[in-house]
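upload-v3.pdb (PDB, C-alpha atoms, pLDDT in the B column) appears below.
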ATOM      1  CA  MET A   1      14.764   9.166  18.046  1.00 56.00           C
ATOM      2  CA  PHE A   2      14.033  12.782  17.121  1.00 80.00           C
ATOM      3  CA  GLU A   3      12.987  14.998  20.021  1.00 86.00           C
ATOM      4  CA  TRP A   4      10.089  16.440  18.000  1.00 88.00           C
ATOM      5  CA  TYR A   5       8.778  12.917  17.421  1.00 89.00           C
ATOM      6  CA  GLU A   6       8.783  12.121  21.129  1.00 90.00           C
ATOM      7  CA  GLU A   7       6.758  15.281  21.760  1.00 90.00           C
ATOM      8  CA  MET A   8       4.008  14.194  19.334  1.00 91.00           C
ATOM      9  CA  SER A   9       0.726  12.808  20.588  1.00 92.00           C
ATOM     10  CA  GLN A  10       0.073   9.133  19.833  1.00 94.00           C
ATOM     11  CA  GLU A  11      -2.519  10.143  17.223  1.00 94.00           C
ATOM     12  CA  GLU A  12       0.039  12.326  15.427  1.00 94.00           C
ATOM     13  CA  LYS A  13       2.607   9.507  15.546  1.00 94.00           C
ATOM     14  CA  ASN A  14       0.055   7.216  13.933  1.00 95.00           C
ATOM     15  CA  ASN A  15      -0.680   9.791  11.207  1.00 95.00           C
ATOM     16  CA  LEU A  16       2.948  10.623  10.414  1.00 96.00           C
ATOM     17  CA  PRO A  17       3.770   7.649   8.106  1.00 96.00           C
ATOM     18  CA  ARG A  18       0.598   8.190   6.068  1.00 97.00           C
ATOM     19  CA  VAL A  19       1.203  11.936   5.644  1.00 97.00           C
ATOM     20  CA  LEU A  20       4.864  11.424   4.708  1.00 97.00           C
ATOM     21  CA  ASN A  21       3.978   8.809   2.098  1.00 96.00           C
ATOM     22  CA  LYS A  22       1.222  10.999   0.693  1.00 97.00           C
ATOM     23  CA  LEU A  23       3.610  13.952   0.471  1.00 96.00           C
ATOM     24  CA  LEU A  24       6.290  11.915  -1.315  1.00 95.00           C
ATOM     25  CA  SER A  25       3.874  10.231  -3.731  1.00 94.00           C
ATOM     26  CA  SER A  26       1.677  13.248  -4.514  1.00 94.00           C
ATOM     27  CA  CYS A  27       4.378  15.902  -4.166  1.00 95.00           C
ATOM     28  CA  TYR A  28       1.868  18.710  -3.424  1.00 97.00           C
ATOM     29  CA  ILE A  29      -0.433  19.233  -0.430  1.00 98.00           C
ATOM     30  CA  ASN A  30      -2.978  22.039  -0.898  1.00 97.00           C
ATOM     31  CA  LYS A  31      -4.849  23.695   1.944  1.00 96.00           C
ATOM     32  CA  ARG A  32      -7.564  24.501  -0.641  1.00 94.00           C
ATOM     33  CA  SER A  33      -8.246  20.801  -1.237  1.00 95.00           C
ATOM     34  CA  ASP A  34     -10.854  19.150   0.979  1.00 94.00           C
ATOM     35  CA  ASN A  35      -8.826  15.935   0.803  1.00 94.00           C
ATOM     36  CA  ASP A  36      -5.578  17.661   1.814  1.00 96.00           C
ATOM     37  CA  ARG A  37      -6.668  20.214   4.390  1.00 97.00           C
ATOM     38  CA  ARG A  38      -6.154  18.091   7.515  1.00 97.00           C
ATOM     39  CA  ASP A  39      -2.772  16.943   6.225  1.00 98.00           C
ATOM     40  CA  TYR A  40      -1.770  20.523   5.422  1.00 98.00           C
ATOM     41  CA  TYR A  41      -2.430  21.549   9.023  1.00 98.00           C
ATOM     42  CA  PHE A  42      -0.584  18.454  10.263  1.00 97.00           C
ATOM     43  CA  ILE A  43       2.512  19.429   8.264  1.00 97.00           C
ATOM     44  CA  GLU A  44       2.165  23.041   9.395  1.00 97.00           C
ATOM     45  CA  ARG A  45       2.154  21.977  13.059  1.00 95.00           C
ATOM     46  CA  ASN A  46       5.143  19.697  12.593  1.00 95.00           C
ATOM     47  CA  GLU A  47       6.991  21.517   9.824  1.00 96.00           C
ATOM     48  CA  ARG A  48      10.393  21.700  11.499  1.00 93.00           C
ATOM     49  CA  GLY A  49      10.469  18.027  12.418  1.00 94.00           C
ATOM     50  CA  ILE A  50       9.141  16.762   9.084  1.00 96.00           C
ATOM     51  CA  SER A  51      11.646  18.933   7.236  1.00 96.00           C
ATOM     52  CA  GLU A  52      14.476  17.527   9.374  1.00 93.00           C
ATOM     53  CA  TYR A  53      13.344  13.952   8.725  1.00 93.00           C
ATOM     54  CA  LEU A  54      12.976  14.396   4.948  1.00 96.00           C
ATOM     55  CA  LEU A  55      16.418  15.985   4.633  1.00 94.00           C
ATOM     56  CA  MET A  56      17.962  12.709   5.746  1.00 93.00           C
ATOM     57  CA  GLY A  57      16.657  11.148   2.537  1.00 92.00           C
ATOM     58  CA  GLY A  58      17.672  14.032   0.299  1.00 95.00           C
ATOM     59  CA  TRP A  59      14.235  15.681   0.204  1.00 96.00           C
ATOM     60  CA  GLU A  60      13.482  19.319   0.939  1.00 97.00           C
ATOM     61  CA  LEU A  61      10.115  20.363   2.346  1.00 98.00           C
ATOM     62  CA  MET A  62       9.080  23.524   0.530  1.00 97.00           C
ATOM     63  CA  SER A  63       6.334  25.931   1.588  1.00 97.00           C
ATOM     64  CA  ASP A  64       4.457  28.395  -0.585  1.00 96.00           C
ATOM     65  CA  GLU A  65       3.004  30.383   2.290  1.00 95.00           C
ATOM     66  CA  ASN A  66       1.125  32.865   0.107  1.00 93.00           C
ATOM     67  CA  ASN A  67      -0.835  30.116  -1.632  1.00 94.00           C
ATOM     68  CA  HIS A  68      -0.931  27.611   1.246  1.00 96.00           C
ATOM     69  CA  VAL A  69       0.880  24.745  -0.470  1.00 98.00           C
ATOM     70  CA  TYR A  70       3.486  22.333   0.857  1.00 98.00           C
ATOM     71  CA  TYR A  71       5.565  20.347  -1.595  1.00 97.00           C
ATOM     72  CA  VAL A  72       8.763  18.325  -1.723  1.00 96.00           C
ATOM     73  CA  ARG A  73      11.799  18.692  -3.933  1.00 94.00           C
ATOM     74  CA  ASN A  74      14.543  16.119  -4.274  1.00 93.00           C
ATOM     75  CA  LYS A  75      18.022  17.605  -3.880  1.00 91.00           C
ATOM     76  CA  PHE A  76      19.363  15.156  -6.459  1.00 89.00           C
ATOM     77  CA  GLY A  77      16.627  15.729  -9.053  1.00 83.00           C
ATOM     78  CA  TYR A  78      15.151  12.219  -8.764  1.00 80.00           C
ATOM     79  CA  ASN A  79      11.506  13.300  -8.639  1.00 73.00           C
ATOM     80  CA  HIS A  80      11.270  14.670 -12.192  1.00 80.00           C
ATOM     81  CA  VAL A  81       8.519  13.245 -14.375  1.00 85.00           C
ATOM     82  CA  ASN A  82       8.870  13.021 -18.141  1.00 86.00           C
ATOM     83  CA  LEU A  83       5.792  14.512 -19.802  1.00 88.00           C
ATOM     84  CA  THR A  84       4.441  13.943 -23.277  1.00 88.00           C
ATOM     85  CA  ILE A  85       4.031  17.020 -25.451  1.00 85.00           C
ATOM     86  CA  ASP A  86       0.256  16.878 -24.940  1.00 89.00           C
ATOM     87  CA  GLU A  87       0.720  16.711 -21.164  1.00 91.00           C
ATOM     88  CA  SER A  88       3.110  19.666 -21.323  1.00 88.00           C
ATOM     89  CA  LEU A  89       0.593  21.619 -23.398  1.00 89.00           C
ATOM     90  CA  ILE A  90      -2.244  20.844 -20.990  1.00 94.00           C
ATOM     91  CA  LEU A  91      -0.110  21.851 -18.006  1.00 93.00           C
ATOM     92  CA  LEU A  92       0.832  25.101 -19.739  1.00 91.00           C
ATOM     93  CA  ILE A  93      -2.800  25.878 -20.601  1.00 93.00           C
ATOM     94  CA  LEU A  94      -3.922  25.155 -17.038  1.00 96.00           C
ATOM     95  CA  ARG A  95      -1.247  27.507 -15.718  1.00 94.00           C
ATOM     96  CA  LEU A  96      -2.375  30.300 -18.041  1.00 92.00           C
ATOM     97  CA  LEU A  97      -6.055  29.743 -17.239  1.00 95.00           C
ATOM     98  CA  TYR A  98      -5.287  29.748 -13.516  1.00 95.00           C
ATOM     99  CA  GLU A  99      -3.557  33.114 -13.820  1.00 91.00           C
ATOM    100  CA  GLU A 100      -6.487  34.586 -15.759  1.00 91.00           C
ATOM    101  CA  LYS A 101      -9.249  33.180 -13.548  1.00 92.00           C
ATOM    102  CA  ARG A 102      -7.798  33.960 -10.138  1.00 89.00           C
ATOM    103  CA  ARG A 103      -7.819  37.682 -10.872  1.00 86.00           C
ATOM    104  CA  GLN A 104     -11.619  37.480 -11.010  1.00 85.00           C
ATOM    105  CA  LEU A 105     -12.033  35.610  -7.713  1.00 80.00           C
ATOM    106  CA  SER A 106     -11.757  36.267  -4.016  1.00 73.00           C
ATOM    107  CA  LEU A 107      -8.872  34.712  -2.069  1.00 68.00           C
ATOM    108  CA  ALA A 108     -11.251  32.121  -0.601  1.00 69.00           C
ATOM    109  CA  GLN A 109     -12.453  30.762  -3.954  1.00 84.00           C
ATOM    110  CA  ASN A 110     -10.968  27.933  -5.975  1.00 92.00           C
ATOM    111  CA  VAL A 111     -10.201  28.400  -9.660  1.00 95.00           C
ATOM    112  CA  VAL A 112     -12.646  26.294 -11.677  1.00 96.00           C
ATOM    113  CA  ILE A 113     -12.616  25.747 -15.449  1.00 97.00           C
ATOM    114  CA  THR A 114     -14.487  23.450 -17.814  1.00 97.00           C
ATOM    115  CA  MET A 115     -13.076  20.845 -20.158  1.00 97.00           C
ATOM    116  CA  GLY A 116     -14.580  22.878 -22.967  1.00 97.00           C
ATOM    117  CA  GLU A 117     -12.389  25.845 -22.010  1.00 96.00           C
ATOM    118  CA  LEU A 118      -9.327  23.602 -21.901  1.00 97.00           C
ATOM    119  CA  GLN A 119     -10.050  22.131 -25.333  1.00 96.00           C
ATOM    120  CA  GLU A 120     -10.774  25.548 -26.816  1.00 95.00           C
ATOM    121  CA  ARG A 121      -7.457  26.918 -25.569  1.00 93.00           C
ATOM    122  CA  TYR A 122      -5.651  23.799 -26.822  1.00 93.00           C
ATOM    123  CA  MET A 123      -7.076  24.302 -30.314  1.00 91.00           C
ATOM    124  CA  GLY A 124      -6.183  27.986 -30.160  1.00 89.00           C
ATOM    125  CA  LEU A 125      -2.488  27.169 -29.776  1.00 82.00           C
ATOM    126  CA  GLY A 126      -2.508  25.916 -33.352  1.00 79.00           C
ATOM    127  CA  PHE A 127      -0.531  22.716 -32.871  1.00 76.00           C
ATOM    128  CA  LYS A 128      -3.411  20.541 -34.045  1.00 76.00           C
ATOM    129  CA  ASP A 129      -6.670  21.104 -35.905  1.00 78.00           C
ATOM    130  CA  ARG A 130      -8.632  18.803 -33.590  1.00 86.00           C
ATOM    131  CA  PRO A 131      -9.223  18.537 -29.822  1.00 91.00           C
ATOM    132  CA  ILE A 132      -7.050  16.521 -27.451  1.00 93.00           C
ATOM    133  CA  ASN A 133      -7.758  12.847 -28.065  1.00 94.00           C
ATOM    134  CA  LYS A 134      -9.441  10.861 -25.304  1.00 95.00           C
ATOM    135  CA  THR A 135      -6.409   8.768 -24.407  1.00 96.00           C
ATOM    136  CA  SER A 136      -4.103  11.777 -24.005  1.00 95.00           C
ATOM    137  CA  LEU A 137      -6.751  13.685 -22.059  1.00 96.00           C
ATOM    138  CA  ARG A 138      -7.461  10.786 -19.717  1.00 97.00           C
ATOM    139  CA  ASP A 139      -3.756  10.189 -19.066  1.00 96.00           C
ATOM    140  CA  ALA A 140      -3.032  13.875 -18.448  1.00 96.00           C
ATOM    141  CA  VAL A 141      -5.955  14.335 -16.053  1.00 97.00           C
ATOM    142  CA  SER A 142      -4.987  11.173 -14.163  1.00 97.00           C
ATOM    143  CA  LEU A 143      -1.359  12.319 -13.839  1.00 96.00           C
ATOM    144  CA  LEU A 144      -2.140  15.872 -12.742  1.00 97.00           C
ATOM    145  CA  ARG A 145      -4.811  14.681 -10.328  1.00 97.00           C
ATOM    146  CA  ARG A 146      -2.309  12.251  -8.771  1.00 96.00           C
ATOM    147  CA  PHE A 147       0.042  15.158  -8.116  1.00 96.00           C
ATOM    148  CA  ASN A 148      -2.744  17.288  -6.579  1.00 96.00           C
ATOM    149  CA  ILE A 149      -2.565  19.914  -9.312  1.00 97.00           C
ATOM    150  CA  ILE A 150      -6.166  19.479 -10.444  1.00 98.00           C
ATOM    151  CA  HIS A 151      -9.359  17.752  -9.346  1.00 97.00           C
ATOM    152  CA  ASN A 152     -12.293  16.945 -11.603  1.00 97.00           C
ATOM    153  CA  ILE A 153     -15.549  17.833  -9.863  1.00 97.00           C
ATOM    154  CA  ASP A 154     -17.635  15.916 -12.413  1.00 97.00           C
ATOM    155  CA  ALA A 155     -17.007  12.288 -13.327  1.00 95.00           C
ATOM    156  CA  ASP A 156     -17.113  12.435 -17.134  1.00 97.00           C
ATOM    157  CA  ILE A 157     -13.932  14.227 -18.166  1.00 97.00           C
ATOM    158  CA  PHE A 158     -14.914  13.959 -21.845  1.00 97.00           C
ATOM    159  CA  ASP A 159     -17.979  16.138 -21.289  1.00 97.00           C
ATOM    160  CA  PRO A 160     -17.202  19.760 -22.303  1.00 97.00           C
ATOM    161  CA  GLU A 161     -19.148  20.896 -19.211  1.00 98.00           C
ATOM    162  CA  CYS A 162     -17.044  18.787 -16.851  1.00 98.00           C
ATOM    163  CA  ARG A 163     -15.562  21.122 -14.212  1.00 97.00           C
ATOM    164  CA  LEU A 164     -11.943  21.060 -13.075  1.00 97.00           C
ATOM    165  CA  ILE A 165     -10.496  22.701  -9.978  1.00 97.00           C
ATOM    166  CA  ILE A 166      -6.995  24.016 -10.597  1.00 97.00           C
ATOM    167  CA  TYR A 167      -5.142  24.131  -7.295  1.00 97.00           C
ATOM    168  CA  PRO A 168      -2.530  26.768  -6.362  1.00 96.00           C
ATOM    169  CA  SER A 169       0.109  24.017  -6.545  1.00 97.00           C
ATOM    170  CA  ILE A 170       0.239  24.712 -10.290  1.00 96.00           C
ATOM    171  CA  LEU A 171       2.151  27.911  -9.469  1.00 95.00           C
ATOM    172  CA  SER A 172       5.000  25.797  -8.103  1.00 93.00           C
ATOM    173  CA  ALA A 173       4.725  23.153 -10.834  1.00 92.00           C
ATOM    174  CA  VAL A 174       4.981  25.792 -13.591  1.00 90.00           C
ATOM    175  CA  ARG A 175       6.640  28.972 -12.403  1.00 84.00           C
ATOM    176  CA  ALA A 176       6.081  32.244 -14.254  1.00 76.00           C
ATOM    177  CA  GLU A 177       9.626  32.174 -15.639  1.00 73.00           C
ATOM    178  CA  ASP A 178       9.042  28.625 -16.963  1.00 74.00           C
ATOM    179  CA  ILE A 179       6.051  29.487 -19.169  1.00 74.00           C
ATOM    180  CA  LYS A 180       8.021  30.948 -22.069  1.00 73.00           C
ATOM    181  CA  THR A 181      10.634  28.185 -21.876  1.00 73.00           C
ATOM    182  CA  VAL A 182       8.028  25.425 -21.971  1.00 69.00           C
ATOM    183  CA  TYR A 183       6.218  27.013 -24.902  1.00 69.00           C
ATOM    184  CA  GLU A 184       9.466  27.444 -26.861  1.00 75.00           C
ATOM    185  CA  ARG A 185      10.444  23.815 -26.288  1.00 69.00           C
ATOM    186  CA  ILE A 186       7.051  22.571 -27.448  1.00 67.00           C
ATOM    187  CA  THR A 187       7.166  24.810 -30.539  1.00 70.00           C
ATOM    188  CA  SER A 188      10.675  23.623 -31.375  1.00 73.00           C
ATOM    189  CA  TYR A 189       9.694  19.981 -30.927  1.00 62.00           C
ATOM    190  CA  ARG A 190       6.688  20.349 -33.208  1.00 65.00           C
ATOM    191  CA  LYS A 191       8.803  22.015 -35.911  1.00 67.00           C
ATOM    192  CA  GLU A 192      11.080  18.987 -35.836  1.00 65.00           C
ATOM    193  CA  GLY A 193       8.103  16.777 -36.636  1.00 57.00           C
ATOM    194  CA  GLY A 194       7.393  15.302 -33.207  1.00 56.00           C
ATOM    195  CA  GLU A 195       3.924  14.074 -32.280  1.00 54.00           C
ATOM    196  CA  THR A 196       2.096  15.491 -29.292  1.00 51.00           C
ATOM    197  CA  GLY A 197       1.696  12.041 -27.747  1.00 53.00           C
ATOM    198  CA  GLU A 198       5.439  11.434 -27.708  1.00 53.00           C
ATOM    199  CA  GLU A 199       7.724  12.131 -24.791  1.00 54.00           C
ATOM    200  CA  ALA A 200      10.319  14.830 -24.800  1.00 48.00           C
ATOM    201  CA  ASP A 201      13.171  14.484 -22.326  1.00 41.00           C
ATOM    202  CA  GLU A 202      13.301  18.225 -21.746  1.00 38.00           C
ATOM    203  CA  ASP A 203       9.716  18.476 -20.520  1.00 39.00           C
ATOM    204  CA  GLN A 204       9.761  17.587 -16.853  1.00 39.00           C
ATOM    205  CA  ALA A 205       7.758  18.513 -13.784  1.00 45.00           C
TER     206      ALA A 205
END
Rewrite the structure from the file as structure tokens, please.
Amino acid sequence: MFEWYEEMSQEEKNNLPRVLNKLLSSCYINKRSDNDRRDYYFIERNERGISEYLLMGGWELMSDENNHVYYVRNKFGYNHVNLTIDESLILLILRLLYEEKRRQLSLAQNVVITMGELQERYMGLGFKDRPINKTSLRDAVSLLRRFNIIHNIDADIFDPECRLIIYPSILSAVRAEDIKTVYERITSYRKEGGETGEEADEDQA
């Protein structure tokens, strides 16, 4: 057994399987999230050992120290998720809104937007002359929430006043150099006559 594991307290040993499974299923662990904070500190305390353990399965434990995010990356590319065009658009818009909003906030504050802002920016892209339909919106919010990229503060996501927290994990999900590439792929796909609800193999997270 690993030496670092033997040095753990019994409580930490009991927590380890849960934290590892959460990390692998959610991909991102944000210190800014109330639901993740304890697990973030757990990983921080045991970073070397957890990294060593994950490497055995082909996973790399990554740390964005500036934004207090841990995430995993599969060395063989098995953790990519195919996104629909609408999901790619929403992810792109969230990334842009995050960049704009965080300049106005202190380091201790979360970035919060409303669904109305998201829909307005979606319409402004010019791909459609109507807002995101309810099915696409529900699916996108559910997916991004599962990966700890966003969290809806209010229950009704179809209400324009519904508030969304955008976590710093979005900076790792969509890097600055990816923004132009994602937009160009979406534009190209639309010119070819694709629908925003369809999947595009190129759009992965």
Explicit residues for the PyMOL selection byres ((chain A and resi 70-73) around 9) (as a PyMOL selection string): chain A and resi 23-24+26-31+40+43-44+54+58-65+68-69+74-79+169+172
Given the selection you just returned, output its residues as a file containing C-alpha atoms, formatted as a PDB file, in the coordinates of the input.
ATOM      1  CA  LEU A  23       3.610  13.952   0.471  1.00 96.00           C
ATOM      2  CA  LEU A  24       6.290  11.915  -1.315  1.00 95.00           C
ATOM      3  CA  SER A  26       1.677  13.248  -4.514  1.00 94.00           C
ATOM      4  CA  CYS A  27       4.378  15.902  -4.166  1.00 95.00           C
ATOM      5  CA  TYR A  28       1.868  18.710  -3.424  1.00 97.00           C
ATOM      6  CA  ILE A  29      -0.433  19.233  -0.430  1.00 98.00           C
ATOM      7  CA  ASN A  30      -2.978  22.039  -0.898  1.00 97.00           C
ATOM      8  CA  LYS A  31      -4.849  23.695   1.944  1.00 96.00           C
ATOM      9  CA  TYR A  40      -1.770  20.523   5.422  1.00 98.00           C
ATOM     10  CA  ILE A  43       2.512  19.429   8.264  1.00 97.00           C
ATOM     11  CA  GLU A  44       2.165  23.041   9.395  1.00 97.00           C
ATOM     12  CA  LEU A  54      12.976  14.396   4.948  1.00 96.00           C
ATOM     13  CA  GLY A  58      17.672  14.032   0.299  1.00 95.00           C
ATOM     14  CA  TRP A  59      14.235  15.681   0.204  1.00 96.00           C
ATOM     15  CA  GLU A  60      13.482  19.319   0.939  1.00 97.00           C
ATOM     16  CA  LEU A  61      10.115  20.363   2.346  1.00 98.00           C
ATOM     17  CA  MET A  62       9.080  23.524   0.530  1.00 97.00           C
ATOM     18  CA  SER A  63       6.334  25.931   1.588  1.00 97.00           C
ATOM     19  CA  ASP A  64       4.457  28.395  -0.585  1.00 96.00           C
ATOM     20  CA  GLU A  65       3.004  30.383   2.290  1.00 95.00           C
ATOM     21  CA  HIS A  68      -0.931  27.611   1.246  1.00 96.00           C
ATOM     22  CA  VAL A  69       0.880  24.745  -0.470  1.00 98.00           C
ATOM     23  CA  ASN A  74      14.543  16.119  -4.274  1.00 93.00           C
ATOM     24  CA  LYS A  75      18.022  17.605  -3.880  1.00 91.00           C
ATOM     25  CA  PHE A  76      19.363  15.156  -6.459  1.00 89.00           C
ATOM     26  CA  GLY A  77      16.627  15.729  -9.053  1.00 83.00           C
ATOM     27  CA  TYR A  78      15.151  12.219  -8.764  1.00 80.00           C
ATOM     28  CA  ASN A  79      11.506  13.300  -8.639  1.00 73.00           C
ATOM     29  CA  SER A 169       0.109  24.017  -6.545  1.00 97.00           C
ATOM     30  CA  SER A 172       5.000  25.797  -8.103  1.00 93.00           C
TER      31      SER A 172
END
Determine the residue membership of the PyMOL selection byres ((chain A and resi 120) around 12) for the file above and supply it as a short mmCIF file (atom, residue, chain, number, x, y, z; two decimals) with C-alpha atoms, in the frame of the given file.
data_model
loop_
_atom_site.label_atom_id
_atom_site.label_comp_id
_atom_site.auth_asym_id
_atom_site.auth_seq_id
_atom_site.Cartn_x
_atom_site.Cartn_y
_atom_site.Cartn_z
CA ILE A 90 -2.24 20.84 -20.99
CA ILE A 93 -2.80 25.88 -20.60
CA LEU A 94 -3.92 25.16 -17.04
CA LEU A 97 -6.06 29.74 -17.24
CA ILE A 113 -12.62 25.75 -15.45
CA THR A 114 -14.49 23.45 -17.81
CA MET A 115 -13.08 20.84 -20.16
CA GLY A 116 -14.58 22.88 -22.97
CA GLU A 117 -12.39 25.84 -22.01
CA LEU A 118 -9.33 23.60 -21.90
CA GLN A 119 -10.05 22.13 -25.33
CA ARG A 121 -7.46 26.92 -25.57
CA TYR A 122 -5.65 23.80 -26.82
CA MET A 123 -7.08 24.30 -30.31
CA GLY A 124 -6.18 27.99 -30.16
CA LEU A 125 -2.49 27.17 -29.78
CA GLY A 126 -2.51 25.92 -33.35
CA LYS A 128 -3.41 20.54 -34.04
CA ASP A 129 -6.67 21.10 -35.90
CA ARG A 130 -8.63 18.80 -33.59
CA PRO A 131 -9.22 18.54 -29.82
CA ILE A 132 -7.05 16.52 -27.45
CA PRO A 160 -17.20 19.76 -22.30
#
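Considering all atoms listed in the file, the residue among A:Met8, A:Val81, A:Leu89, A:Ile166 positioned nearest to Arg45 of chain A is A:Met8.
Here atom CA of Arg37 of chain A stands at a distance of 17.3 Å from atom CA of Asn152 of chain A.
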Counting only C-alpha atoms, give me one row per residue of segment 53-158 of chain A with an atom at most 8 Å from an atom of segment 173-176 of chain A, showing the shortest contact pair and its distance in Å to one decimal, sorted by chain then residue number, as CSV.
residue,atom,partner,partner_atom,distance
A:Leu91,CA,A:Val174,CA,7.8
A:Leu92,CA,A:Val174,CA,7.4
A:Arg95,CA,A:Val174,CA,6.8
Residue nearest Ile149 of chain A among A:Leu20, A:Leu164, A:Ile50, A:Met56 (counting only C-alpha atoms): A:Leu164
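Interatomic distance, atom CA of Asp156 of chain A to atom CA of Arg138 of chain A: 10.1 Å.
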Option closest in space to Thr135 of chain A, from A:Glu87, A:Asp178, A:Gln104, A:Arg48 [counting all atoms listed in the file]: A:Glu87
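Nearest residue to Ser51 of chain A among A:Asp159, A:Gln10, A:Trp4, A:Asn67 is A:Trp4, counting all atoms listed in the file.
Ranking A:Leu83, A:Asn15, A:Phe127, A:Ser25 by their shortest atom-to-atom distance to Arg146 of chain A, with only C-alpha atoms included, puts A:Ser25 first.
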